[in-house]
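Just below is one structure, and these are the notes that go with it.
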Amino acid sequence: MKRQLLMNVMMAVMVAGLLTMAACSKPQVADPGDVYQGQSGETDAEKAARLEAEKAARLEAERIKAQQLNDQHRAQIVEAKSRFLNQNILFDYDSDELTDQAKGLLREKAAWLQANPSDAVMIEGHCDERGTTVYNLALGERRANAAQNYLVDLGVSARRLGTVSYGEEKPLDPASTEAAHRINRRAQFIFR
Amino acid sequence: MRQRKYFHMLYKAAWVWAIIVLLSVHALAKDYDYISISNPFLNKTPIAVTSFKAFSGHEAEVAAGVQAERILKAGLDFTGYLKIMDPIAFLSNPAESGIQLGQINFKDWTGIGAELLVTGGVEELDGQVKLQLRLMDTFNTKLLVGKIYSGPATQIRAMVHRFCAEVAKALTGNFGVFGSKIAFVSTVNGDKEIYSCDFDGFNPRQITHHKSISLSPAWSHDAQWLAYVSYAKGKPDIFVKNLKKNLGAIVNYKGINISPDWMPGKLDLAATLSFSGDQEIYLLTRKGEIIKRVTKSWGSNVSPKFSPDGGKIAFTSSRSGNPQIYIQGLDSQEARRITFTGKYNTSPAWSPDGKKIAYVGIEKNKINIFVISVYPHIGNPAQLTAEQGDNEDPCWSPDGSLIVFKSNRNGGRAHLFVMTAAGTDQRRLLSMPGIQSEPDWSGDTGFSAE
């Protein structure tokens, strides 16, 4: 009889202990260092939605980055085109000779033309007012032709290039200063 | 033979002046000769122009007389060789004492130094006028020119100018400038158009309406055709236009088509074309067909101007490295350079007697007009303008007595000026808005109404 009672007491203690362990284990599941609130209650649907949102955000970031690169690229194109149109070939007084700087600019323009094969241009030859009207019409043509010939030598197709002289008739700056004269003595590119 | 006397006077004066100039060239060994305004050898002949006698005396008649007198004085003064005397010095008044030869007290005129006397009479009725005009030699008490003109009062200017032409003929042997016109370029709303005006700058009228850039007008010998350059089609082409009939042509070869000049007495043209790749001077028909190429050289060859006999051209060429003036016979292959002073000489203009060429020289940033003798041999250049802005585009009057040109003197924009062939009496030709340039003086166009 004593042995049976001892076994019952031991069983009771084991059950109590197990019950206690079971009861204590639940709070241990909630880790105080874990701030992710919903995890504890996330369903499958909520998890799918969360993954979808992460994917969308990633895609948006990539799109923005691609657009920035595209804008930069386009800006470079616009800038190159603007340089092509706005950087004129300048000449010395009463001269149609290409300076080293002029040749450098023409090489840039040739490169642009090679990269943009569908464009055709007109090269305008201009003079400053420090000369006579008729002679300047001739000098303007010689300047435009000098620029054109150099481009053809660099490989640009002559069919894409036209020339016209305006003599002293269309100055960029009508003032009578040396600075104005300098920028008026030019070959200027326009699209046709 | 009175007219020979006056022709001789002017002829002698010009010779004395020319000798002085050449002597000073040798004595001072300068490259340029400066013509001084106060050159005593260009004595103007004093002429007294008196008030018109109004036969009926009513208001419209008196007004017509006043107008005629004003136009007469301005016209005679324009010649540059007559000095219109101040009426304050006059001792008698032919309007009251009589305008005919027999009614003049010539001592009243010789006494005050008048060598010539002009009297006038006017009758007016219902807008019609009759003018009597007489030119007299006071020292020889002779009538040199006596004319009567009738017509509407609106024609007074044309009538008086006809008389002035007769005066010029009597004094110099040719009719002078009174029947001529000047074509020129003027800006209007930022465009350049071709205009023409009377010899004295009156009655400017717009000829082209291209709303583009139009340049370099050139009259044919009979003043029936005008050639000019225009960008109306996007590049410089030569337009040839008849002024009365709807006729014309466009010379539009590839490249530049510029600086047209008509052959004297014919309807062929010289011009610069660059279709061959070089800028050369060609002879063309008025329809633009090429007759022949005249120049063949390196560089630019522009601004051809025919000699008065049509056998040679003067032109600008940069074949020596910078622009200089050359002469070449139309049937010759060789051009002869005539300017050797300065690095930039352009825009030649041949005098009507074939003996001189006016041109533009640029030195030290100053643009001025020079004249050089080319007959019997090439002389030294004489400078006609100095210290008065930039001066370009010289063109001789048809009788060789005057030169019209462009100047921006007095700090202003460029306008047309006129001076005598000696460089004296430089004055503004006409007042109009905008900028004027490139004048071309026609031959006689007659005296028809405006």
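Identifiers for the structure tokens are assigned positionally: chains receive A, B, ... in sequence, residues are indexed from 1 per chain, and ligands are indexed from 1 in the order shown.
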
Please build the interface table for chain A against chain B with a cut-off of 8 Å, listing for each qualifying residue the nearest atom pair and the distance in Å to one decimal; count only C-alpha atoms, order rows by chain and increasing number, and write it as a tab-separated table.
```
residue	atom	partner	partner_atom	distance
A:Asp94	CA	B:Asn322	CA	7.7
A:Arg130	CA	B:Asn365	CA	7.3
A:Gly131	CA	B:Ile362	CA	7.7
A:Thr132	CA	B:Glu392	CA	7.1
A:Val134	CA	B:Ser259	CA	6.7
A:Tyr135	CA	B:Val302	CA	6.7
A:Leu137	CA	B:Ile256	CA	7.9
A:Ala138	CA	B:Ser300	CA	6.4
A:Leu139	CA	B:Ser300	CA	7.6
A:Glu141	CA	B:Ile256	CA	7.6
A:Thr163	CA	B:Gly255	CA	7.8
A:Val164	CA	B:Lys235	CA	6.3
A:Ser165	CA	B:Lys235	CA	7.4
A:Glu169	CA	B:Ile213	CA	7.8
```

Quick one: residues within 12 Å of Asn149 of chain A, only C-alpha atoms, excluding same-chain residues fewer than 6 positions away - as a CSV table (one decimal) with C-alpha atoms, in the first residue's frame?
```csv
chain,number,residue,atom,x,y,z
A,96,ASP,CA,38.9,83.0,-94.4
A,97,GLU,CA,41.6,80.9,-92.8
A,98,LEU,CA,40.6,78.3,-90.2
A,103,LYS,CA,39.4,73.4,-86.6
A,106,LEU,CA,34.7,71.8,-86.7
A,110,ALA,CA,31.8,66.6,-87.7
A,123,ILE,CA,26.6,76.9,-93.2
A,141,GLU,CA,31.1,82.9,-99.0
A,142,ARG,CA,34.8,82.0,-98.7
A,143,ARG,CA,34.3,81.6,-94.9
A,155,GLY,CA,34.3,62.6,-93.8
A,156,VAL,CA,31.0,64.4,-93.7
A,157,SER,CA,29.0,63.8,-96.8
A,158,ALA,CA,28.9,67.0,-99.0
A,159,ARG,CA,25.3,66.3,-99.8
A,161,LEU,CA,26.1,70.5,-96.3
A,162,GLY,CA,25.0,73.8,-98.0
A,163,THR,CA,26.5,77.2,-97.8
B,277,GLY,CA,33.8,77.3,-107.2
```

Rounded to one decimal, what separation in Å do you get between atom CA of Gln100 of chain B and atom CA of Gly151 of chain B?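 Separating atom CA of Gln100 of chain B from atom CA of Gly151 of chain B is a distance of 21.5 Å.
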
Write out as a VMD selection string all residues of segment 91-182 of chain A that DSSP puts in alpha helix (DSSP H) for this structure's backbone. chain A and resid 100 to 115 133 to 153 178 to 182

Limited to N, CA and C atoms, could you put the picked residues into a file as a tab-separated table (two decimals), in the first residue's frame?
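What landed in part-v4.tsv:
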```tsv
chain	number	residue	atom	x	y	z
A	100	ASP	N	43.31	77.23	-85.36
A	100	ASP	CA	43.33	75.93	-84.69
A	100	ASP	C	42.06	75.72	-83.89
A	101	GLN	N	41.60	76.80	-83.24
A	101	GLN	CA	40.38	76.68	-82.46
A	101	GLN	C	39.20	76.36	-83.38
A	102	ALA	N	39.19	77.00	-84.55
A	102	ALA	CA	38.12	76.73	-85.51
A	102	ALA	C	38.13	75.28	-85.93
A	103	LYS	N	39.31	74.76	-86.18
A	103	LYS	CA	39.40	73.36	-86.61
A	103	LYS	C	38.90	72.43	-85.51
A	104	GLY	N	39.22	72.76	-84.27
A	104	GLY	CA	38.75	71.92	-83.16
A	104	GLY	C	37.24	71.90	-83.10
A	105	LEU	N	36.64	73.07	-83.22
A	105	LEU	CA	35.17	73.15	-83.20
A	105	LEU	C	34.57	72.38	-84.37
A	106	LEU	N	35.24	72.47	-85.51
A	106	LEU	CA	34.71	71.77	-86.68
A	106	LEU	C	34.81	70.26	-86.50
A	107	ARG	N	35.86	69.81	-85.82
A	107	ARG	CA	35.95	68.37	-85.56
A	107	ARG	C	34.80	67.92	-84.67
A	108	GLU	N	34.46	68.76	-83.68
A	108	GLU	CA	33.29	68.43	-82.83
A	108	GLU	C	32.03	68.38	-83.67
A	109	LYS	N	31.90	69.32	-84.55
A	109	LYS	CA	30.68	69.36	-85.36
A	109	LYS	C	30.63	68.16	-86.30
A	110	ALA	N	31.77	67.80	-86.82
A	110	ALA	CA	31.81	66.62	-87.69
A	110	ALA	C	31.37	65.38	-86.92
A	111	ALA	N	31.85	65.28	-85.68
A	111	ALA	CA	31.47	64.12	-84.86
A	111	ALA	C	29.96	64.11	-84.63
A	112	TRP	N	29.40	65.26	-84.34
A	112	TRP	CA	27.96	65.33	-84.12
A	112	TRP	C	27.22	64.92	-85.38
A	113	LEU	N	27.70	65.42	-86.51
A	113	LEU	CA	27.03	65.09	-87.77
A	113	LEU	C	27.10	63.60	-88.06
A	114	GLN	N	28.23	62.98	-87.75
A	114	GLN	CA	28.35	61.54	-87.96
A	114	GLN	C	27.40	60.78	-87.05
A	115	ALA	N	27.19	61.32	-85.84
A	115	ALA	CA	26.30	60.64	-84.89
A	115	ALA	C	24.84	60.90	-85.19
A	133	THR	N	30.43	96.54	-98.42
A	133	THR	CA	29.29	95.64	-98.57
A	133	THR	C	29.55	94.49	-99.54
A	134	VAL	N	29.97	94.84	-100.78
A	134	VAL	CA	30.06	93.84	-101.83
A	134	VAL	C	31.20	92.87	-101.55
A	135	TYR	N	32.35	93.39	-101.16
A	135	TYR	CA	33.50	92.51	-100.88
A	135	TYR	C	33.17	91.57	-99.74
A	136	ASN	N	32.39	92.04	-98.78
A	136	ASN	CA	32.01	91.18	-97.65
A	136	ASN	C	31.07	90.06	-98.07
A	137	LEU	N	30.27	90.27	-99.10
A	137	LEU	CA	29.44	89.17	-99.60
A	137	LEU	C	30.34	88.04	-100.10
A	138	ALA	N	31.43	88.42	-100.77
A	138	ALA	CA	32.36	87.41	-101.28
A	138	ALA	C	33.13	86.74	-100.14
A	139	LEU	N	33.58	87.55	-99.18
A	139	LEU	CA	34.34	87.00	-98.06
A	139	LEU	C	33.49	86.05	-97.22
A	140	GLY	N	32.22	86.39	-97.05
A	140	GLY	CA	31.32	85.52	-96.30
A	140	GLY	C	31.21	84.15	-96.95
A	141	GLU	N	31.15	84.14	-98.27
A	141	GLU	CA	31.06	82.85	-98.97
A	141	GLU	C	32.34	82.06	-98.79
A	142	ARG	N	33.49	82.75	-98.83
A	142	ARG	CA	34.76	82.03	-98.66
A	142	ARG	C	34.85	81.42	-97.27
A	143	ARG	N	34.31	82.11	-96.28
A	143	ARG	CA	34.33	81.56	-94.91
A	143	ARG	C	33.45	80.33	-94.80
A	144	ALA	N	32.23	80.43	-95.36
A	144	ALA	CA	31.32	79.28	-95.30
A	144	ALA	C	31.94	78.09	-96.03
A	145	ASN	N	32.55	78.35	-97.17
A	145	ASN	CA	33.16	77.27	-97.94
A	145	ASN	C	34.35	76.67	-97.20
A	146	ALA	N	35.11	77.49	-96.49
A	146	ALA	CA	36.26	76.96	-95.74
A	146	ALA	C	35.78	75.95	-94.70
A	147	ALA	N	34.70	76.31	-94.00
A	147	ALA	CA	34.16	75.40	-92.99
A	147	ALA	C	33.62	74.13	-93.65
A	148	GLN	N	32.90	74.32	-94.76
A	148	GLN	CA	32.31	73.17	-95.44
A	148	GLN	C	33.40	72.21	-95.94
A	149	ASN	N	34.44	72.76	-96.56
A	149	ASN	CA	35.49	71.92	-97.12
A	149	ASN	C	36.19	71.12	-96.02
A	150	TYR	N	36.39	71.76	-94.86
A	150	TYR	CA	37.05	71.05	-93.77
A	150	TYR	C	36.20	69.88	-93.28
A	151	LEU	N	34.88	70.09	-93.20
A	151	LEU	CA	33.99	69.01	-92.76
A	151	LEU	C	33.99	67.87	-93.76
A	152	VAL	N	34.00	68.21	-95.03
A	152	VAL	CA	34.03	67.16	-96.06
A	152	VAL	C	35.33	66.37	-95.95
A	153	ASP	N	36.43	67.10	-95.69
A	153	ASP	CA	37.71	66.41	-95.50
A	153	ASP	C	37.66	65.47	-94.31
A	178	GLU	N	35.02	96.33	-80.95
A	178	GLU	CA	35.89	95.23	-81.39
A	178	GLU	C	35.31	93.89	-80.98
A	179	ALA	N	34.68	93.85	-79.79
A	179	ALA	CA	34.09	92.59	-79.32
A	179	ALA	C	32.95	92.16	-80.23
A	180	ALA	N	32.14	93.10	-80.65
A	180	ALA	CA	31.03	92.78	-81.55
A	180	ALA	C	31.57	92.32	-82.90
A	181	HIS	N	32.57	93.03	-83.42
A	181	HIS	CA	33.15	92.65	-84.70
A	181	HIS	C	33.66	91.23	-84.67
A	182	ARG	N	34.29	90.86	-83.56
A	182	ARG	CA	34.92	89.55	-83.45
A	182	ARG	C	33.89	88.43	-83.59
```
